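Okay, upload.cif now, which holds mmCIF, C-alpha atoms and all ligand atoms:
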```cif
data_work
loop_
_atom_site.label_atom_id
_atom_site.label_comp_id
_atom_site.auth_asym_id
_atom_site.auth_seq_id
_atom_site.Cartn_x
_atom_site.Cartn_y
_atom_site.Cartn_z
CA MET J 815 0.00 0.00 0.00
CA LEU J 816 1.51 3.32 -1.08
CA LYS J 817 1.47 6.09 1.50
CA GLY J 818 2.42 8.90 -0.86
CA ALA J 819 0.23 11.68 -2.18
CA LEU J 820 0.62 14.82 -4.23
CA ILE J 821 -1.15 18.13 -3.76
CA VAL J 822 -1.45 20.86 -6.37
CA ALA J 823 -3.60 23.80 -7.41
CA MET J 824 -3.68 24.38 -11.15
CA THR J 825 -5.65 25.89 -13.97
CA ARG J 826 -7.37 23.66 -16.50
CA SER J 827 -4.34 24.18 -18.77
CA GLY J 828 -1.89 23.17 -16.04
CA VAL J 829 -0.47 26.50 -14.83
CA ILE J 830 0.83 26.22 -11.25
CA GLY J 831 3.07 29.27 -10.87
CA GLN J 832 4.06 32.69 -12.11
CA GLN J 833 7.31 34.50 -11.32
CA GLY J 834 8.03 32.30 -8.33
CA GLN J 835 4.61 32.68 -6.71
CA LEU J 836 1.05 31.37 -6.90
CA PRO J 837 -0.89 33.35 -9.53
CA TRP J 838 -4.07 33.64 -7.41
CA HIS J 839 -5.32 34.58 -3.94
CA LEU J 840 -7.47 31.77 -2.49
CA PRO J 841 -7.38 31.66 1.34
CA ASP J 842 -9.85 28.77 1.64
CA GLU J 843 -7.72 26.77 -0.79
CA LEU J 844 -4.74 27.36 1.52
CA GLN J 845 -6.86 25.99 4.38
CA TRP J 846 -7.60 22.89 2.28
CA PHE J 847 -3.85 22.54 1.68
CA LYS J 848 -3.21 22.81 5.41
CA GLN J 849 -5.89 20.25 6.24
CA GLN J 850 -4.44 17.70 3.81
CA THR J 851 -0.80 18.15 4.81
CA LEU J 852 -0.82 18.63 8.61
CA GLY J 853 1.06 15.93 10.49
CA ARG J 854 2.68 14.57 7.32
CA ILE J 855 6.07 14.79 5.68
CA ILE J 856 5.89 17.43 2.97
CA ILE J 857 8.36 17.28 0.10
CA MET J 858 9.18 20.34 -1.99
CA GLY J 859 11.74 21.74 -4.40
CA ALA J 860 14.10 24.56 -3.46
CA ARG J 861 12.19 27.19 -5.46
CA THR J 862 8.94 26.31 -3.71
CA PHE J 863 10.73 26.62 -0.36
CA GLU J 864 12.03 30.00 -1.52
CA SER J 865 8.43 31.01 -2.36
CA LEU J 866 7.64 30.32 1.34
CA HIS J 867 10.41 32.81 2.22
CA TYR J 868 12.43 29.88 3.61
CA ARG J 869 9.95 29.46 6.47
CA PRO J 870 9.12 25.78 7.13
CA LEU J 871 5.39 25.06 7.32
CA LYS J 872 4.35 24.39 10.91
CA GLY J 873 3.02 21.03 12.09
CA ARG J 874 4.65 19.22 9.19
CA GLU J 875 8.09 17.73 8.57
CA ASN J 876 9.58 19.88 5.79
CA TRP J 877 11.89 18.09 3.32
CA VAL J 878 13.54 20.03 0.49
CA LEU J 879 15.21 18.75 -2.67
CA SER J 880 18.19 20.94 -3.57
CA HIS J 881 21.86 20.82 -4.51
CA HIS J 882 22.47 23.44 -1.80
CA PRO J 883 22.04 23.50 2.01
CA GLN J 884 18.64 24.88 3.07
CA PRO J 885 17.80 26.53 6.42
CA GLN J 886 15.64 24.81 9.10
CA VAL J 887 14.60 21.82 6.97
CA LYS J 888 15.90 18.41 5.95
CA GLN J 889 17.73 18.87 2.65
CA PHE J 890 18.22 16.08 0.12
CA ASN J 891 20.51 16.05 -2.91
CA ALA J 892 18.55 13.50 -4.93
CA TRP J 893 14.98 12.23 -5.26
CA SER J 894 16.17 8.65 -4.59
CA ASP J 895 17.60 9.82 -1.25
CA ILE J 896 14.15 11.12 -0.32
CA MET J 897 12.43 7.87 -1.25
CA ASN J 898 14.99 5.90 0.78
CA ALA J 899 14.58 8.15 3.83
CA ILE J 900 10.79 7.85 4.17
CA PRO J 901 9.97 5.59 7.13
CA GLN J 902 7.87 2.50 6.33
CA ASP J 903 4.46 3.74 7.47
CA ALA J 904 4.97 7.49 7.17
CA GLU J 905 2.45 9.52 5.22
CA TRP J 906 4.07 11.98 2.83
CA VAL J 907 2.82 14.58 0.38
CA ALA J 908 4.69 16.10 -2.56
CA ILE J 909 3.78 19.79 -2.60
CA GLY J 910 5.63 20.97 -5.73
CA GLY J 911 6.91 22.53 -7.83
CA ALA J 912 7.01 21.03 -11.28
CA SER J 913 10.14 18.89 -10.87
CA ILE J 914 8.92 17.43 -7.58
CA TYR J 915 5.56 16.56 -9.14
CA ARG J 916 7.37 14.84 -12.02
CA TYR J 917 9.48 12.75 -9.64
CA ALA J 918 6.59 11.97 -7.30
CA LEU J 919 3.89 10.99 -9.82
CA PRO J 920 4.98 7.35 -10.28
CA HIS J 921 5.15 6.88 -6.49
CA VAL J 922 1.86 8.33 -5.28
CA SER J 923 -1.55 6.67 -4.93
CA LYS J 924 -3.56 9.82 -4.27
CA LEU J 925 -3.79 13.25 -5.88
CA TYR J 926 -5.26 16.30 -4.17
CA VAL J 927 -6.00 18.56 -7.12
CA THR J 928 -7.59 21.96 -6.89
CA TRP J 929 -8.88 23.07 -10.28
CA VAL J 930 -8.60 26.85 -10.46
CA GLU J 931 -10.93 28.49 -12.98
CA GLY J 932 -9.81 31.10 -15.50
CA GLU J 933 -6.52 31.35 -17.29
CA VAL J 934 -3.09 32.76 -16.39
CA PRO J 935 -1.53 33.93 -19.67
CA GLU J 936 1.77 34.81 -17.94
CA GLY J 937 1.98 31.48 -16.10
CA ASP J 938 5.54 30.13 -16.33
CA VAL J 939 5.44 26.84 -14.34
CA PHE J 940 3.24 23.91 -15.36
CA PHE J 941 2.09 20.60 -13.92
CA PRO J 942 3.72 17.72 -15.86
CA GLU J 943 1.97 15.49 -18.38
CA ILE J 944 -0.33 13.02 -16.64
CA ASP J 945 -2.46 10.12 -17.87
CA TRP J 946 -5.83 10.93 -16.29
CA SER J 947 -7.29 7.57 -17.35
CA ALA J 948 -5.27 6.03 -14.49
CA TRP J 949 -7.05 8.18 -11.90
CA GLN J 950 -10.58 8.30 -10.54
CA CYS J 951 -12.12 11.31 -8.82
CA GLN J 952 -13.70 10.25 -5.51
CA PHE J 953 -14.34 13.66 -3.93
CA GLU J 954 -15.24 17.07 -5.32
CA GLN J 955 -15.91 20.32 -3.45
CA PRO J 956 -16.63 23.47 -5.47
CA HIS J 957 -15.97 26.96 -4.12
CA ALA J 958 -17.35 30.13 -5.72
CA GLN J 959 -15.42 33.28 -6.55
CA ASP J 960 -16.25 35.90 -3.91
CA GLU J 961 -14.85 38.99 -2.20
CA ARG J 962 -12.05 36.93 -0.54
CA HIS J 963 -11.29 34.67 -3.51
CA ASP J 964 -10.28 36.10 -6.88
CA ARG J 965 -11.29 32.91 -8.74
CA ALA J 966 -13.71 30.01 -8.44
CA PHE J 967 -12.07 26.67 -7.69
CA THR J 968 -12.88 23.01 -7.01
CA CYS J 969 -10.97 20.82 -4.56
CA CYS J 970 -10.81 17.20 -5.76
CA ILE J 971 -9.31 13.96 -4.54
CA TYR J 972 -8.25 11.32 -7.07
CA ASP J 973 -7.30 7.72 -6.32
CA ARG J 974 -5.10 5.67 -8.59
CA ILE J 975 -7.23 3.07 -10.35
CA GLN J 976 -6.18 -0.39 -9.17
CA LEU J 977 -5.81 -2.74 -12.16
N1 LIG J 1001 0.04 25.72 -7.59
C1 LIG J 1001 0.65 24.90 -6.74
O1 LIG J 1001 0.03 24.00 -6.16
C2 LIG J 1001 2.12 25.08 -6.51
C3 LIG J 1001 2.81 24.23 -5.62
C4 LIG J 1001 4.18 24.42 -5.44
C5 LIG J 1001 4.84 25.42 -6.12
N2 LIG J 1001 4.14 26.23 -6.96
C6 LIG J 1001 4.80 27.28 -7.73
O2 LIG J 1001 5.78 26.66 -8.56
C7 LIG J 1001 6.92 27.52 -8.67
C8 LIG J 1001 8.15 26.81 -8.12
O3 LIG J 1001 8.28 25.57 -8.75
P1 LIG J 1001 9.49 25.20 -9.73
O4 LIG J 1001 9.03 24.05 -10.53
O5 LIG J 1001 9.97 26.43 -10.43
O6 LIG J 1001 10.65 24.78 -8.71
P2 LIG J 1001 10.74 23.65 -7.56
O7 LIG J 1001 10.38 22.31 -8.15
O8 LIG J 1001 10.02 24.07 -6.35
O9 LIG J 1001 12.28 23.71 -7.23
C9 LIG J 1001 13.25 23.48 -8.25
C10 LIG J 1001 14.58 23.27 -7.56
O10 LIG J 1001 14.58 22.01 -6.89
C11 LIG J 1001 15.90 21.49 -6.88
N3 LIG J 1001 15.92 20.24 -7.64
C12 LIG J 1001 15.11 19.83 -8.63
N4 LIG J 1001 15.48 18.63 -9.09
C13 LIG J 1001 16.55 18.27 -8.34
C14 LIG J 1001 17.39 17.11 -8.30
N5 LIG J 1001 17.19 16.08 -9.14
N6 LIG J 1001 18.38 17.07 -7.41
C15 LIG J 1001 18.60 18.09 -6.55
N7 LIG J 1001 17.85 19.22 -6.53
C16 LIG J 1001 16.84 19.30 -7.42
C17 LIG J 1001 16.77 22.52 -7.56
O11 LIG J 1001 17.21 23.38 -6.51
P3 LIG J 1001 18.72 23.98 -6.40
O12 LIG J 1001 18.81 24.92 -7.57
O13 LIG J 1001 18.77 24.64 -5.07
O14 LIG J 1001 19.63 22.80 -6.53
C18 LIG J 1001 15.80 23.23 -8.47
O15 LIG J 1001 16.23 24.52 -8.84
C19 LIG J 1001 6.56 28.79 -7.90
O16 LIG J 1001 5.93 29.68 -8.79
C20 LIG J 1001 5.56 28.28 -6.87
O17 LIG J 1001 4.71 29.31 -6.40
C21 LIG J 1001 2.81 26.07 -7.17
#
```

Would you give me this structure, written as structure tokens?
Amino acid sequence: MLKGALIVAMTRSGVIGQQGQLPWHLPDELQWFKQQTLGRIIIMGARTFESLHYRPLKGRENWVLSHHPQPQVKQFNAWSDIMNAIPQDAEWVAIGGASIYRYALPHVSKLYVTWVEGEVPEGDVFFPEIDWSAWQCQFEQPHAQDERHDRAFTCCIYDRIQL
């Protein structure tokens, strides 16, 4: 049984970032992210850690993939080192960016995907190619655009289809 998951917010065309930041302001989506990651090992790339201003996220074990030392977190030089370091029954979540998603995809059994409506023409980081026929949506929670949220979005959970 795989214990790994991946969490991402993206547009329908796969944009996840713009100039080192998230291209939207969605506080309830950040709450969803918190809810799904608390108490788990979170795995991120160095640029995503930089986007957090090098502040580890509380209540989670922060692991960072980088060729360089990183402050206040566990730093790993290679994805294989991360896979080897995960304790047997530990729950872990890959939180981005693009390279981490690419490495993590073959290893995860669950995807937490928030579909963000509208486009981001200046988006410069994208979720990798994925074969959606291998995944089944088992949960869907829509959220309207409102005065606190600059876009509508839908939080979904996908399970890998067992063949
Ligand atoms: N929408 C979302 O859900 C979401 C989630 C996360 C991030 N983001 C956005 O995505 C962007 C950041 O993502 P990104 O794809 O540009 O970068 P990233 O994946 O966060 O980090 C890339 C860095 O990871 C390290 N790395 C990657 N592969 C490595 C390997 N094989 N061995 C050692 N180190 C390796 C390198 O760091 P060094 O150069 O230090 O070696 C590389 O520069 C930001 O805009 C952020 O806001 C969005």

Using only C-alpha atoms and all ligand atoms, tabulate the residues of chain J lying at most 8 Å from any atom of ligand LIG 1001 (chain J), each with its closest atom pair and that distance in Å to one decimal, by chain and increasing residue number, as a tab-separated table.
```
residue	atom	partner	partner_atom	distance
J:Ile821	CA	J:LIG1001	O1	6.5
J:Val822	CA	J:LIG1001	O1	3.5
J:Ala823	CA	J:LIG1001	O1	3.8
J:Met824	CA	J:LIG1001	N1	5.3
J:Val829	CA	J:LIG1001	N1	7.3
J:Ile830	CA	J:LIG1001	N1	3.8
J:Gly831	CA	J:LIG1001	O16	3.6
J:Gln832	CA	J:LIG1001	O16	4.9
J:Gln833	CA	J:LIG1001	O16	5.6
J:Gly834	CA	J:LIG1001	O16	3.4
J:Gln835	CA	J:LIG1001	O17	3.4
J:Leu836	CA	J:LIG1001	O17	4.2
J:Pro837	CA	J:LIG1001	O17	7.6
J:Met858	CA	J:LIG1001	O8	5.8
J:Gly859	CA	J:LIG1001	O9	3.5
J:Ala860	CA	J:LIG1001	O9	4.3
J:Arg861	CA	J:LIG1001	O8	3.9
J:Thr862	CA	J:LIG1001	O8	3.6
J:Phe863	CA	J:LIG1001	O8	6.5
J:Glu864	CA	J:LIG1001	O8	7.9
J:Ser865	CA	J:LIG1001	O17	5.7
J:Val878	CA	J:LIG1001	O10	7.7
J:Leu879	CA	J:LIG1001	N7	4.7
J:Ser880	CA	J:LIG1001	N7	3.4
J:His881	CA	J:LIG1001	O14	3.6
J:His882	CA	J:LIG1001	O13	5.1
J:Pro883	CA	J:LIG1001	O13	7.9
J:Phe890	CA	J:LIG1001	C15	7.0
J:Asn891	CA	J:LIG1001	C15	4.6
J:Ala892	CA	J:LIG1001	N6	4.4
J:Trp893	CA	J:LIG1001	N5	5.9
J:Ile909	CA	J:LIG1001	C4	5.4
J:Gly910	CA	J:LIG1001	C4	3.8
J:Gly911	CA	J:LIG1001	O3	3.5
J:Ala912	CA	J:LIG1001	O4	3.7
J:Ser913	CA	J:LIG1001	O7	4.4
J:Ile914	CA	J:LIG1001	O7	5.1
J:Tyr915	CA	J:LIG1001	O7	7.6
J:Thr928	CA	J:LIG1001	O1	7.9
J:Asp938	CA	J:LIG1001	O16	7.6
J:Val939	CA	J:LIG1001	O2	5.8
J:Phe940	CA	J:LIG1001	O4	7.5
```

Find the residues near Arg854 of chain J: any atom within 6 Å, counting all atoms listed in the file, skip ones fewer than 2 places away on the same chain, and give them as a PyMOL selection string. chain J and resi 851-852+874+905-906

Quick one: everything within 9 Å of Pro885 of chain J, counting all atoms listed in the file, minus sequence neighbours fewer than 4 positions away in the same chain. Send it as a ChimeraX atom specification. /J:868-870,889

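Counting all atoms listed in the file and comparing J:Thr968, J:Gln952, J:Gln959, J:Asn876, the residue that lies closest to Val907 of chain J is J:Asn876.
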
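Of the residues listed (J:Leu977, J:Leu840, J:Leu919, J:Ala819), J:Ala819 shows the shortest atom-to-atom separation from Ile855 of chain J; distances use only C-alpha atoms.
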
One decimal place gives the atom CA of Gln902 of chain J-atom CA of Leu820 of chain J separation as 17.8 Å

Between J:Ala966, J:Ala948, J:Val934, J:Ala958, which residue has the minimum interatomic distance to Ser827 of chain J, considering all atoms listed in the file?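 Ranking J:Ala966, J:Ala948, J:Val934, J:Ala958 by distance to Ser827 of chain J, first place goes to J:Val934.
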
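Note that the spacing between atom CA of Gln845 of chain J and atom CA of Lys924 of chain J amounts to 18.6 Å.
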
Could you tell me how far atom CA of Ile971 of chain J lies from atom CA of Pro901 of chain J, in Å and to one decimal? 24.0 Å

For each of J:Gln886, J:Gln955, J:Ser923, J:Ser947, take the minimum atom-to-atom distance to Arg974 of chain J, counting all atoms listed in the file, then give the residue where this is smallest.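 Smallest distance to Arg974 of chain J is found for J:Ser923.
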
Measuring atom to atom with only C-alpha atoms, identify which of J:Trp838, J:Lys888, J:Leu866, J:Trp946 is nearest to Thr825 of chain J. J:Trp838

Selection: 7 Å around Cys951 of chain J, all atoms listed in the file, excl. self and same-chain fewer than 5 positions, as a list in words: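 In the requested format, the answer is Cys970, Ile971, Tyr972 and Asp973 of chain J.
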